[in-house]
Amino acid sequence: MTTILINGEAREVDVPPDMPLLWVLRDVVGLTGTKFGCGIAQCGACTVHVDGKPARSCVLPVSAVGNRNVTTVEAVGGTEIGRKVQEAWLDVEVVQCGYCQSGQIMSAAALLGRNPAPDDAAIDAAMSGNICRCATYPRIRAAIKRAAGLPAETV
């Protein structure tokens with residue numbers, strides 16, 4: 001048995017130590033907001049926070065998490081930054097198909113956690129690991145700026 005702290009709650013899971021965190025979250029714990037995209041940490045759909053930092057859960061073995069807190073999209077709205085990001089996503093109508101959006105939101109919240117007033121270059125750098133097949137990148141940038149309280153270009 002392994003104990004893992006997920007969204008502030010200690011969870012006992014009986015899984016192999018090399019099982020990717022993504023599958024622990026989705027298949028064992030039942031938190032399906034985190035998505036499988038590529039399986040090689042390139043698309044960002046599986047992004048969660050580990051102690052507030054973005055991590056690709058598809059390649060992170062559960063044994064590597066240790067006693068650090070894992071936050072998923074289901075709980076990020078419980079933080080002030082996460083709530084602002086989620087509200088901005090709705091206000092700007094970022095979502096098209098929606099598949100990548102949980103990872104996008106997690107990366108955006110992590111960015112604003114470390115840089116509360118990012119410029120375009122900082123946004124682009126932080127979000128570069130998240131792919132959106134619908135190409136909503138201008139709306140993603142506008143939503144991040146809105147969440148940060150910065151003026152945003154119209155999209």
# chains A, B, ... in the order shown; residues from 1 in each chain; ligands from 1
>>> select_by_dssp(residues="chain A", states="strand (DSSP E or B)", output="ChimeraX atom specification")
/A:2-6,9-13,20,47-50,53-56,61,69-71
>>> residues_around(residues="Asp18 (chain A)", least_positions_apart="3", cutoff="8 Å", atoms="only C-alpha atoms", output="MDAnalysis selection string")
chainID A and resid 61:63
>>> write_last_selection(atoms="all heavy atoms", output="compact mmCIF listing (two decimals), in the first residue's frame")
# COMPACT_ATOMS: atom_id res chain seq x y z
N PRO A 61 6.11 8.38 -12.09
CA PRO A 61 5.73 7.20 -11.31
C PRO A 61 5.18 7.62 -9.94
O PRO A 61 5.68 8.57 -9.33
CB PRO A 61 7.02 6.42 -11.14
CG PRO A 61 8.06 7.13 -11.92
CD PRO A 61 7.53 8.46 -12.33
N VAL A 62 4.17 6.92 -9.49
CA VAL A 62 3.56 7.27 -8.21
C VAL A 62 4.59 7.24 -7.09
O VAL A 62 4.52 8.05 -6.16
CB VAL A 62 2.34 6.36 -7.92
CG1 VAL A 62 2.76 4.93 -7.65
CG2 VAL A 62 1.51 6.93 -6.79
N SER A 63 5.60 6.39 -7.19
CA SER A 63 6.63 6.32 -6.14
C SER A 63 7.47 7.60 -6.07
O SER A 63 8.05 7.89 -5.04
CB SER A 63 7.55 5.12 -6.38
OG SER A 63 8.20 5.23 -7.64
>>> select_by_dssp(residues="region 64-106 of chain A", states="helix (DSSP H, G or I)", output="PDB file with C-alpha atoms, in the first residue's frame")
ATOM      1  CA  ALA A  64       8.302   9.600  -7.162  1.00  0.00           C
ATOM      2  CA  VAL A  73      -8.150  20.106 -11.872  1.00  0.00           C
ATOM      3  CA  GLU A  74     -10.966  18.916  -9.615  1.00  0.00           C
ATOM      4  CA  ALA A  75      -9.449  20.909  -6.722  1.00  0.00           C
ATOM      5  CA  VAL A  76      -7.507  23.762  -8.323  1.00  0.00           C
ATOM      6  CA  GLU A  80      -7.719  31.847  -5.310  1.00  0.00           C
ATOM      7  CA  ILE A  81      -5.501  31.622  -8.385  1.00  0.00           C
ATOM      8  CA  GLY A  82      -7.196  28.479  -9.659  1.00  0.00           C
ATOM      9  CA  ARG A  83     -10.629  30.035  -9.185  1.00  0.00           C
ATOM     10  CA  LYS A  84      -9.587  33.149 -11.116  1.00  0.00           C
ATOM     11  CA  VAL A  85      -8.172  31.026 -13.936  1.00  0.00           C
ATOM     12  CA  GLN A  86     -11.333  28.921 -14.174  1.00  0.00           C
ATOM     13  CA  GLU A  87     -13.545  32.013 -14.149  1.00  0.00           C
ATOM     14  CA  ALA A  88     -11.412  33.661 -16.838  1.00  0.00           C
ATOM     15  CA  TRP A  89     -11.612  30.493 -18.957  1.00  0.00           C
ATOM     16  CA  LEU A  90     -15.404  30.761 -18.852  1.00  0.00           C
ATOM     17  CA  ASP A  91     -15.499  34.539 -19.351  1.00  0.00           C
ATOM     18  CA  VAL A  92     -13.239  34.386 -22.408  1.00  0.00           C
ATOM     19  CA  GLN A 101      -8.268  22.300 -21.034  1.00  0.00           C
ATOM     20  CA  SER A 102      -7.644  20.655 -17.677  1.00  0.00           C
ATOM     21  CA  GLY A 103      -3.921  20.602 -18.460  1.00  0.00           C
ATOM     22  CA  GLN A 104      -4.057  24.149 -19.815  1.00  0.00           C
ATOM     23  CA  ILE A 105      -5.784  25.380 -16.652  1.00  0.00           C
ATOM     24  CA  MET A 106      -3.258  23.627 -14.412  1.00  0.00           C
TER      25      MET A 106
END
>>> closest_residue(among="A:Leu21, A:Val15, A:Ala117, A:Ile6", to="Lys35 (chain A)", atoms="only C-alpha atoms")
A:Leu21
>>> atom_distance(atom1="CA of Asp51 (chain A)", atom2="CA of Asn69 (chain A)")
5.1 Å
>>> closest_residue(among="A:Cys100, A:Ile131, A:Ile4, A:Ala147", to="Gly113 (chain A)", atoms="only C-alpha atoms")
A:Ala147
>>> closest_residue(among="A:Cys134, A:Arg68, A:Met127, A:Met1", to="Pro16 (chain A)", atoms="only C-alpha atoms")
A:Met1
>>> residues_around(residues="region 58-60 of chain A", least_positions_apart="5", cutoff="6 Å", atoms="only C-alpha atoms", output="PyMOL selection string")
chain A and resi 20-22+39
